[in-house]
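This is my_file-v8.txt (compact mmCIF, C-alpha atoms).
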# COMPACT_ATOMS: atom_id res chain seq x y z
CA MET A 27 -10.70 -1.43 -4.41
CA LYS A 28 -11.74 -0.94 -0.79
CA ALA A 29 -10.00 -0.09 2.48
CA LEU A 30 -11.21 -0.34 6.07
CA ILE A 31 -9.61 2.10 8.50
CA THR A 32 -10.21 2.18 12.26
CA GLY A 33 -9.60 5.33 14.26
CA ALA A 34 -10.43 7.33 11.13
CA SER A 35 -11.98 10.37 12.80
CA SER A 36 -8.69 12.25 13.32
CA GLY A 37 -4.92 12.24 12.93
CA ILE A 38 -3.15 9.52 10.98
CA GLY A 39 -6.34 7.53 10.34
CA ARG A 40 -8.11 10.54 8.88
CA ASP A 41 -5.16 11.39 6.65
CA MET A 42 -4.82 7.79 5.47
CA SER A 43 -8.49 7.93 4.48
CA ILE A 44 -7.88 11.07 2.43
CA ILE A 45 -4.81 9.61 0.72
CA LEU A 46 -6.44 6.28 -0.15
CA SER A 47 -9.56 8.03 -1.44
CA LYS A 48 -7.35 10.10 -3.75
CA LYS A 49 -5.89 6.82 -5.00
CA GLY A 50 -9.38 5.63 -5.92
CA TYR A 51 -10.19 3.41 -2.95
CA ASP A 52 -13.70 3.18 -1.59
CA LEU A 53 -13.60 3.36 2.18
CA ILE A 54 -15.13 1.95 5.33
CA ILE A 55 -14.19 4.36 8.10
CA VAL A 56 -14.63 3.40 11.73
CA ALA A 57 -14.57 5.47 14.93
CA ARG A 58 -16.74 6.49 17.87
CA ARG A 59 -17.41 10.09 16.76
CA LYS A 60 -20.08 10.08 14.07
CA GLU A 61 -19.93 13.81 13.35
CA ARG A 62 -16.19 13.60 12.63
CA LEU A 63 -16.71 10.67 10.27
CA GLU A 64 -19.53 12.47 8.46
CA GLU A 65 -17.35 15.55 8.04
CA LEU A 66 -14.57 13.38 6.62
CA LYS A 67 -16.97 11.58 4.28
CA ARG A 68 -18.14 14.89 2.78
CA SER A 69 -14.54 15.76 1.88
CA LEU A 70 -13.82 12.51 0.01
CA SER A 71 -14.45 11.72 -3.65
CA THR A 72 -14.96 7.94 -3.48
CA ASN A 73 -17.71 5.86 -1.89
CA VAL A 74 -17.52 5.96 1.90
CA LYS A 75 -19.35 3.85 4.48
CA ILE A 76 -19.41 5.08 8.07
CA ILE A 77 -19.47 2.67 11.01
CA CYS A 78 -19.63 4.09 14.54
CA LEU A 79 -18.34 1.63 17.11
CA ASP A 80 -16.29 1.64 20.30
CA LEU A 81 -13.55 -0.90 19.64
CA SER A 82 -12.67 -1.10 23.33
CA GLU A 83 -15.67 -3.43 23.51
CA GLU A 84 -14.94 -6.97 22.32
CA GLU A 85 -18.46 -7.33 20.96
CA SER A 86 -17.94 -4.28 18.73
CA CYS A 87 -14.87 -5.84 17.11
CA PHE A 88 -16.82 -8.93 16.08
CA LYS A 89 -19.79 -6.78 15.10
CA LEU A 90 -17.58 -4.74 12.79
CA TYR A 91 -16.32 -7.86 11.06
CA GLU A 92 -19.84 -9.27 10.67
CA GLN A 93 -21.00 -6.01 9.07
CA VAL A 94 -18.30 -5.98 6.40
CA LYS A 95 -17.17 -9.58 5.89
CA HIS A 96 -19.12 -9.97 2.65
CA GLU A 97 -17.48 -6.90 1.10
CA LYS A 98 -14.20 -7.42 -0.71
CA ILE A 99 -11.85 -5.44 1.48
CA ASP A 100 -8.36 -5.06 0.04
CA ILE A 101 -6.74 -3.11 2.88
CA LEU A 102 -7.24 -3.27 6.65
CA ILE A 103 -5.59 -0.50 8.68
CA ASN A 104 -5.75 -1.00 12.45
CA ASN A 105 -5.14 2.57 13.55
CA ALA A 106 -7.43 3.04 16.57
CA GLY A 107 -5.54 3.53 19.82
CA PHE A 108 -4.60 5.92 22.63
CA GLY A 109 -2.12 6.37 25.47
CA ILE A 110 -2.07 7.07 29.21
CA PHE A 111 0.62 9.02 31.07
CA GLY A 112 1.66 8.54 34.68
CA PRO A 113 3.38 6.15 37.11
CA PHE A 114 2.06 2.59 36.79
CA ASP A 115 0.73 2.42 40.35
CA GLU A 116 -1.12 5.75 40.00
CA ALA A 117 -2.73 5.33 36.57
CA ASP A 118 -6.45 4.62 36.60
CA ILE A 119 -6.80 0.89 36.06
CA GLN A 120 -10.15 1.06 34.27
CA ARG A 121 -8.77 3.52 31.73
CA GLU A 122 -5.67 1.34 31.33
CA LEU A 123 -7.80 -1.73 30.64
CA LYS A 124 -9.83 0.21 28.09
CA MET A 125 -6.57 1.25 26.40
CA ILE A 126 -5.34 -2.36 26.35
CA ASP A 127 -8.65 -3.42 24.81
CA VAL A 128 -8.27 -0.87 21.98
CA ASN A 129 -4.52 -1.08 21.44
CA ILE A 130 -4.17 -4.85 21.75
CA ARG A 131 -7.42 -6.82 21.77
CA ALA A 132 -9.11 -4.95 18.91
CA VAL A 133 -5.97 -5.21 16.77
CA HIS A 134 -5.65 -8.90 17.59
CA ILE A 135 -9.28 -9.74 16.79
CA LEU A 136 -9.51 -7.77 13.56
CA THR A 137 -6.11 -8.93 12.30
CA LYS A 138 -7.05 -12.58 12.88
CA LEU A 139 -10.51 -12.38 11.31
CA PHE A 140 -9.49 -10.49 8.19
CA LEU A 141 -6.25 -12.43 7.79
CA LYS A 142 -8.22 -15.65 7.39
CA ASP A 143 -10.23 -14.10 4.57
CA PHE A 144 -7.17 -12.57 2.94
CA LYS A 145 -5.28 -15.86 3.06
CA ALA A 146 -8.22 -17.72 1.54
CA ARG A 147 -8.10 -15.49 -1.54
CA ASN A 148 -4.29 -14.99 -1.35
CA SER A 149 -4.39 -11.19 -1.49
CA GLY A 150 -4.80 -8.18 0.76
CA TYR A 151 -2.88 -5.71 2.92
CA ILE A 152 -2.95 -5.38 6.71
CA LEU A 153 -1.22 -2.40 8.30
CA ASN A 154 -1.11 -2.26 12.09
CA VAL A 155 -0.27 1.10 13.66
CA ALA A 156 2.11 0.76 16.60
CA SER A 157 4.66 3.40 17.65
CA SER A 158 8.38 3.91 18.16
CA ALA A 159 7.37 3.19 21.76
CA ALA A 160 7.27 -0.47 20.70
CA PHE A 161 11.09 -0.55 20.57
CA LEU A 162 11.65 0.65 24.15
CA PRO A 163 10.54 0.26 27.76
CA GLY A 164 8.38 3.22 28.75
CA PRO A 165 8.49 4.31 32.40
CA LEU A 166 5.61 6.76 33.05
CA MET A 167 3.77 5.34 30.02
CA SER A 168 4.45 1.69 30.79
CA SER A 169 1.12 0.22 29.68
CA TYR A 170 1.05 2.17 26.42
CA TYR A 171 4.61 1.18 25.48
CA ALA A 172 3.90 -2.45 26.34
CA SER A 173 0.70 -2.43 24.26
CA LYS A 174 2.59 -1.18 21.20
CA ALA A 175 5.33 -3.79 21.71
CA TYR A 176 2.57 -6.41 21.46
CA VAL A 177 1.39 -4.97 18.15
CA LEU A 178 4.94 -4.94 16.78
CA ARG A 179 5.78 -8.51 17.79
CA LEU A 180 2.42 -9.91 16.69
CA THR A 181 2.82 -8.32 13.28
CA GLU A 182 6.38 -9.57 12.87
CA ALA A 183 5.38 -13.12 13.78
CA VAL A 184 2.43 -13.18 11.38
CA TYR A 185 4.65 -11.72 8.64
CA GLU A 186 7.03 -14.69 8.99
CA GLU A 187 4.17 -17.19 9.02
CA LEU A 188 2.85 -15.70 5.79
CA ARG A 189 6.31 -15.73 4.22
CA ARG A 190 6.87 -19.37 5.17
CA CYS A 191 3.64 -20.53 3.55
CA GLY A 192 4.26 -18.49 0.40
CA SER A 193 1.22 -16.28 0.87
CA ASN A 194 0.79 -13.13 -1.17
CA VAL A 195 -0.93 -11.41 1.78
CA TYR A 196 1.00 -8.46 3.22
CA ILE A 197 1.20 -7.46 6.87
CA GLY A 198 3.30 -4.62 8.23
CA VAL A 199 3.55 -2.28 11.20
CA LEU A 200 3.85 1.50 11.35
CA CYS A 201 6.11 2.74 14.18
CA PRO A 202 6.21 6.56 14.14
CA GLY A 203 7.77 8.78 16.78
CA PRO A 204 5.90 11.89 17.97
CA VAL A 205 3.17 12.95 15.51
CA ARG A 206 1.14 16.14 15.66
CA THR A 207 -2.31 14.64 16.42
CA GLU A 208 -4.81 14.55 19.29
CA PHE A 209 -2.72 11.82 20.95
CA ASP A 210 -0.93 14.15 23.37
CA SER A 211 -4.11 15.79 24.64
CA VAL A 212 -5.81 12.41 25.14
CA ALA A 213 -2.76 11.03 26.98
CA ASN A 214 -2.35 14.33 28.88
CA VAL A 215 1.26 14.85 27.77
CA LYS A 216 3.26 17.30 25.71
CA PHE A 217 6.02 15.91 23.52
CA SER A 218 9.56 17.10 24.21
CA LEU A 219 10.37 16.64 20.49
CA ARG A 220 8.53 18.38 17.68
CA GLY A 221 6.28 15.81 16.05
CA LEU A 222 6.01 14.99 12.37
CA GLY A 223 2.88 16.05 10.51
CA SER A 224 0.22 13.35 10.48
CA TYR A 225 -0.33 13.68 6.72
CA TYR A 226 3.38 13.13 6.08
CA VAL A 227 3.36 10.03 8.31
CA ALA A 228 0.19 8.67 6.69
CA ASN A 229 1.50 9.19 3.17
CA TYR A 230 4.89 7.68 4.02
CA ALA A 231 3.22 4.66 5.63
CA ILE A 232 0.96 3.97 2.67
CA LYS A 233 3.86 4.22 0.21
CA LYS A 234 5.91 1.75 2.27
CA MET A 235 2.91 -0.53 2.72
CA PHE A 236 2.52 -0.88 -1.04
CA LYS A 237 6.27 -1.61 -1.22
CA ARG A 238 5.60 -4.39 1.34
CA LYS A 239 7.91 -3.00 4.02
CA LEU A 240 7.59 -4.92 7.31
CA ILE A 241 8.53 -2.22 9.86
CA ILE A 242 7.77 1.34 8.77
CA VAL A 243 9.60 4.10 10.68
CA PRO A 244 9.00 7.63 9.35
CA GLY A 245 11.56 10.37 9.97
CA VAL A 246 15.36 10.36 10.08
CA LEU A 247 15.50 11.01 13.83
CA MET A 248 13.52 7.90 14.72
CA LYS A 249 15.52 5.77 12.29
CA LEU A 250 18.76 6.92 13.96
CA ALA A 251 17.34 6.40 17.44
CA ARG A 252 16.31 2.86 16.57
CA PHE A 253 19.80 2.12 15.22
CA PHE A 254 21.74 3.49 18.22
CA GLU A 255 19.47 1.99 20.89
CA LYS A 256 20.77 -1.45 19.89
CA PHE A 257 24.18 -0.50 21.36
CA VAL A 258 22.93 0.97 24.66
CA PRO A 259 22.64 -1.22 27.81
CA GLU A 260 19.06 -1.85 28.93
CA LYS A 261 19.35 0.01 32.25
CA ILE A 262 20.76 3.06 30.47
CA LEU A 263 17.86 2.92 28.02
CA LEU A 264 15.49 2.87 30.99
CA MET A 265 17.07 6.00 32.46
CA ILE A 266 16.99 7.80 29.11
CA ALA A 267 13.37 6.76 28.53
CA TYR A 268 12.34 7.98 31.98
CA HIS A 269 14.03 11.35 31.44
CA MET A 270 12.30 11.77 28.06
CA GLN A 271 8.93 10.77 29.52
CA LYS A 272 9.31 13.12 32.48
CA ARG A 273 9.83 16.03 30.11
CA LYS A 274 6.42 15.32 28.60
CA GLU A 275 4.76 16.66 31.73
CA GLY A 276 6.97 19.76 31.66
CA ALA A 277 9.48 18.67 34.32
CA VAL A 278 13.12 17.81 33.69
Mind turning the file's structure into structure tokens?
Amino acid sequence: MKALITGASSGIGRDMSIILSKKGYDLIIVARRKERLEELKRSLSTNVKIICLDLSEEESCFKLYEQVKHEKIDILINNAGFGIFGPFDEADIQRELKMIDVNIRAVHILTKLFLKDFKARNSGYILNVASSAAFLPGPLMSSYYASKAYVLRLTEAVYEELRRCGSNVYIGVLCPGPVRTEFDSVANVKFSLRGLGSYYVANYAIKKMFKRKLIIVPGVLMKLARFFEKFVPEKILLMIAYHMQKRKEGAV
């Protein structure tokens, strides 16, 4: 059994690697920071292959697939991603485009390439990591929220295509709320809500993945928020979302 995990150097990706290794999976762990991956490898008990690539580069996504396509990968977890905080017209466009390349293009490319292989043998799991941001508009983090909405909708659509053709391949999407990882420092924000532990989120996600859950939302608070947002007018949601985002920079 073998799993490939992107964004494995920290946070949810790192903890998913630990959990799957404990379950007996050999791993292919992917990230930019080699020293972090080597540190993680030393802590794991199964066979681990390290691949250092920047998935914001299209060429790297195809290179990754070419390096591993002859290995029988049972699980693909598209976890790599980051966010940017600030008004849309003020955010640095080059950094935004890099984020879109990681959050959307890399997920799209890897999902498509591995899905073809999984369908051919009629087995395999694909878990795409989105966010609770995928359910809402996100003023002050507009590009990030939009990128995660893409991941959610792509995953849902592929899920239905697989169901319609009777495939045994699984695809699902993880949509956590705030998680205690490096995300906030990279995005230059501080969450107004206390985040869940990344190990808890990773463990919950893997359990639900094996139960073939389509949309995985850890934590009672996020489940309630998702339920009640369906009854709130869109413009009110926008105002609430803006207020919550504004608090992330310490202003109310």
Inset, instruction - Compare A:Leu178, A:Val243, A:Ala106, A:Leu162 by their minimum atom-to-atom distance to Leu264 in chain A, counting all atoms listed in the file, and give me the closest one. - result: A:Leu162
Legend entry - Between CA of Leu166 in chain A and CA of Met125 in chain A, distance in Å (one decimal): 14.9 Å
Legend entry - Nearest candidate to Ile110 in chain A (options A:Tyr91, A:Tyr171, A:Phe144, A:Tyr51; using only C-alpha atoms): A:Tyr171
Box for range 137-144 of chain A - axis-aligned, 6 Å on each of the six sides, all listed atoms - centre and size in Å to one decimal, as JSON.
{"center_x": -8.3, "center_y": -12.3, "center_z": 7.9, "size_x": 16.4, "size_y": 18.7, "size_z": 21.9}
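Take the candidates A:Glu122, A:Glu260, A:Asp100, A:Asp80 and check each one against Ala172 in chain A using all atoms listed in the file; the shortest distance goes to A:Glu122.
Between CA of Tyr151 in chain A and CA of Lys49 in chain A there is a distance of 15.1 Å.
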Inset, instruction - Could you give me, as JSON, numbers by chain, the residues within 12 Å of Ile266 in chain A, counting all atoms listed in the file and dropping anything in the same chain fewer than 3 positions from it? - result: {"A": [162, 163, 164, 165, 251, 255, 258, 259, 260, 261, 262, 263, 269, 270, 271, 272, 273, 278]}
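Of the residues under consideration (A:Phe161, A:Asp118, A:Ala267, A:Glu85), A:Phe161 shows the shortest atom-to-atom contact distance to Phe253 in chain A when counting all atoms listed in the file.
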Legend entry - Atom pair CA of Leu30 in chain A / CA of Leu102 in chain A: separation (Å): 5.0 Å
Inset, instruction - Quick one: everything within 7 Å of range 31-39 of chain A, counting only C-alpha atoms, minus sequence neighbours fewer than 4 positions away in the same chain. Send it as number ranges by chain. - result: A: 43, 54-57, 59, 62-63, 102-106, 207-208, 224-225, 228
Which neighbours of His96 in chain A fall inside 12 Å, counting only C-alpha atoms, when residues of the same chain fewer than 4 positions from it are skipped, and could you give them as a PDB file with C-alpha atoms, in the frame of the given file?
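Result file around_27.pdb:
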ATOM      1  CA  LEU A  90     -17.580  -4.740  12.790  1.00  0.00           C
ATOM      2  CA  TYR A  91     -16.320  -7.860  11.060  1.00  0.00           C
ATOM      3  CA  GLU A  92     -19.840  -9.270  10.670  1.00  0.00           C
ATOM      4  CA  PHE A 140      -9.490 -10.490   8.190  1.00  0.00           C
ATOM      5  CA  ASP A 143     -10.230 -14.100   4.570  1.00  0.00           C
TER       6      ASP A 143
END
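Every protein, DNA or RNA residue with an atom at most 9 Å from Glu84 in chain A, where only C-alpha atoms count and chain neighbours fewer than 2 positions away do not, is listed here: Asp80, Leu81, Ser82, Ser86, Cys87, Phe88, Lys89, Asp127, Arg131, Ala132 and Ile135 of chain A.
With only C-alpha atoms as the atoms that count, the minimum distance from Val94 in chain A to the choices A:Leu66, A:Val195, A:Lys75, A:Thr181 is reached by A:Lys75.
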Legend entry - Contacts of Lys174 in chain A within 7 Å, all atoms listed in the file, excl. fewer than 6 positions in-chain, as JSON, numbers by chain: {"A": [156, 157, 159, 160]}
Legend entry - Distance query 12 Å from (8.0, -4.7, 1.5) using all atoms listed in the file, result as a PyMOL selection string: chain A and resi 151+153+185+189+194-199+231-242
C-alpha atoms of the current selection, written as a compact mmCIF listing (two decimals), in the frame of the given file:
# COMPACT_ATOMS: atom_id res chain seq x y z
CA TYR A 151 -2.88 -5.71 2.92
CA LEU A 153 -1.22 -2.40 8.30
CA TYR A 185 4.65 -11.72 8.64
CA ARG A 189 6.31 -15.73 4.22
CA ASN A 194 0.79 -13.13 -1.17
CA VAL A 195 -0.93 -11.41 1.78
CA TYR A 196 1.00 -8.46 3.22
CA ILE A 197 1.20 -7.46 6.87
CA GLY A 198 3.30 -4.62 8.23
CA VAL A 199 3.55 -2.28 11.20
CA ALA A 231 3.22 4.66 5.63
CA ILE A 232 0.96 3.97 2.67
CA LYS A 233 3.86 4.22 0.21
CA LYS A 234 5.91 1.75 2.27
CA MET A 235 2.91 -0.53 2.72
CA PHE A 236 2.52 -0.88 -1.04
CA LYS A 237 6.27 -1.61 -1.22
CA ARG A 238 5.60 -4.39 1.34
CA LYS A 239 7.91 -3.00 4.02
CA LEU A 240 7.59 -4.92 7.31
CA ILE A 241 8.53 -2.22 9.86
CA ILE A 242 7.77 1.34 8.77
Is there a way to complete range 169-190 of chain A with N, CA and C atoms and then write that out as a PDB file, in the frame of the given file?
ATOM      1  N   SER A 169       2.151   1.049  30.318  1.00  0.00           N
ATOM      2  CA  SER A 169       1.120   0.220  29.680  1.00  0.00           C
ATOM      3  C   SER A 169       1.008   0.517  28.195  1.00  0.00           C
ATOM      4  N   TYR A 170       1.126   1.786  27.840  1.00  0.00           N
ATOM      5  CA  TYR A 170       1.050   2.170  26.420  1.00  0.00           C
ATOM      6  C   TYR A 170       2.226   1.567  25.647  1.00  0.00           C
ATOM      7  N   TYR A 171       3.447   1.729  26.161  1.00  0.00           N
ATOM      8  CA  TYR A 171       4.610   1.180  25.480  1.00  0.00           C
ATOM      9  C   TYR A 171       4.491  -0.329  25.320  1.00  0.00           C
ATOM     10  N   ALA A 172       4.045  -0.994  26.392  1.00  0.00           N
ATOM     11  CA  ALA A 172       3.900  -2.450  26.340  1.00  0.00           C
ATOM     12  C   ALA A 172       2.844  -2.865  25.317  1.00  0.00           C
ATOM     13  N   SER A 173       1.764  -2.091  25.220  1.00  0.00           N
ATOM     14  CA  SER A 173       0.700  -2.430  24.260  1.00  0.00           C
ATOM     15  C   SER A 173       1.224  -2.333  22.827  1.00  0.00           C
ATOM     16  N   LYS A 174       2.060  -1.347  22.554  1.00  0.00           N
ATOM     17  CA  LYS A 174       2.590  -1.180  21.200  1.00  0.00           C
ATOM     18  C   LYS A 174       3.661  -2.229  20.888  1.00  0.00           C
ATOM     19  N   ALA A 175       4.374  -2.685  21.909  1.00  0.00           N
ATOM     20  CA  ALA A 175       5.330  -3.790  21.710  1.00  0.00           C
ATOM     21  C   ALA A 175       4.576  -5.047  21.289  1.00  0.00           C
ATOM     22  N   TYR A 176       3.404  -5.266  21.857  1.00  0.00           N
ATOM     23  CA  TYR A 176       2.570  -6.410  21.460  1.00  0.00           C
ATOM     24  C   TYR A 176       2.210  -6.328  19.982  1.00  0.00           C
ATOM     25  N   VAL A 177       1.782  -5.152  19.549  1.00  0.00           N
ATOM     26  CA  VAL A 177       1.390  -4.970  18.150  1.00  0.00           C
ATOM     27  C   VAL A 177       2.574  -5.242  17.223  1.00  0.00           C
ATOM     28  N   LEU A 178       3.743  -4.728  17.591  1.00  0.00           N
ATOM     29  CA  LEU A 178       4.940  -4.940  16.780  1.00  0.00           C
ATOM     30  C   LEU A 178       5.271  -6.431  16.673  1.00  0.00           C
ATOM     31  N   ARG A 179       5.357  -7.106  17.800  1.00  0.00           N
ATOM     32  CA  ARG A 179       5.780  -8.510  17.790  1.00  0.00           C
ATOM     33  C   ARG A 179       4.735  -9.416  17.143  1.00  0.00           C
ATOM     34  N   LEU A 180       3.468  -9.132  17.359  1.00  0.00           N
ATOM     35  CA  LEU A 180       2.420  -9.910  16.690  1.00  0.00           C
ATOM     36  C   LEU A 180       2.550  -9.781  15.178  1.00  0.00           C
ATOM     37  N   THR A 181       2.725  -8.558  14.714  1.00  0.00           N
ATOM     38  CA  THR A 181       2.820  -8.320  13.280  1.00  0.00           C
ATOM     39  C   THR A 181       4.036  -9.014  12.680  1.00  0.00           C
ATOM     40  N   GLU A 182       5.167  -8.909  13.363  1.00  0.00           N
ATOM     41  CA  GLU A 182       6.380  -9.570  12.870  1.00  0.00           C
ATOM     42  C   GLU A 182       6.191 -11.080  12.761  1.00  0.00           C
ATOM     43  N   ALA A 183       5.574 -11.670  13.775  1.00  0.00           N
ATOM     44  CA  ALA A 183       5.380 -13.120  13.780  1.00  0.00           C
ATOM     45  C   ALA A 183       4.457 -13.563  12.654  1.00  0.00           C
ATOM     46  N   VAL A 184       3.364 -12.834  12.455  1.00  0.00           N
ATOM     47  CA  VAL A 184       2.430 -13.180  11.380  1.00  0.00           C
ATOM     48  C   VAL A 184       3.086 -12.998  10.016  1.00  0.00           C
ATOM     49  N   TYR A 185       3.906 -11.959   9.885  1.00  0.00           N
ATOM     50  CA  TYR A 185       4.650 -11.720   8.640  1.00  0.00           C
ATOM     51  C   TYR A 185       5.473 -12.957   8.268  1.00  0.00           C
ATOM     52  N   GLU A 186       6.178 -13.521   9.267  1.00  0.00           N
ATOM     53  CA  GLU A 186       7.030 -14.690   8.990  1.00  0.00           C
ATOM     54  C   GLU A 186       6.185 -15.912   8.668  1.00  0.00           C
ATOM     55  N   GLU A 187       5.060 -16.073   9.334  1.00  0.00           N
ATOM     56  CA  GLU A 187       4.170 -17.190   9.020  1.00  0.00           C
ATOM     57  C   GLU A 187       3.669 -17.097   7.580  1.00  0.00           C
ATOM     58  N   LEU A 188       3.310 -15.888   7.161  1.00  0.00           N
ATOM     59  CA  LEU A 188       2.850 -15.700   5.790  1.00  0.00           C
ATOM     60  C   LEU A 188       3.973 -15.973   4.785  1.00  0.00           C
ATOM     61  N   ARG A 189       5.165 -15.509   5.123  1.00  0.00           N
ATOM     62  CA  ARG A 189       6.310 -15.730   4.220  1.00  0.00           C
ATOM     63  C   ARG A 189       6.600 -17.225   4.071  1.00  0.00           C
ATOM     64  N   ARG A 190       6.543 -17.949   5.194  1.00  0.00           N
ATOM     65  CA  ARG A 190       6.870 -19.370   5.170  1.00  0.00           C
ATOM     66  C   ARG A 190       5.871 -20.187   4.348  1.00  0.00           C
TER      67      ARG A 190
END
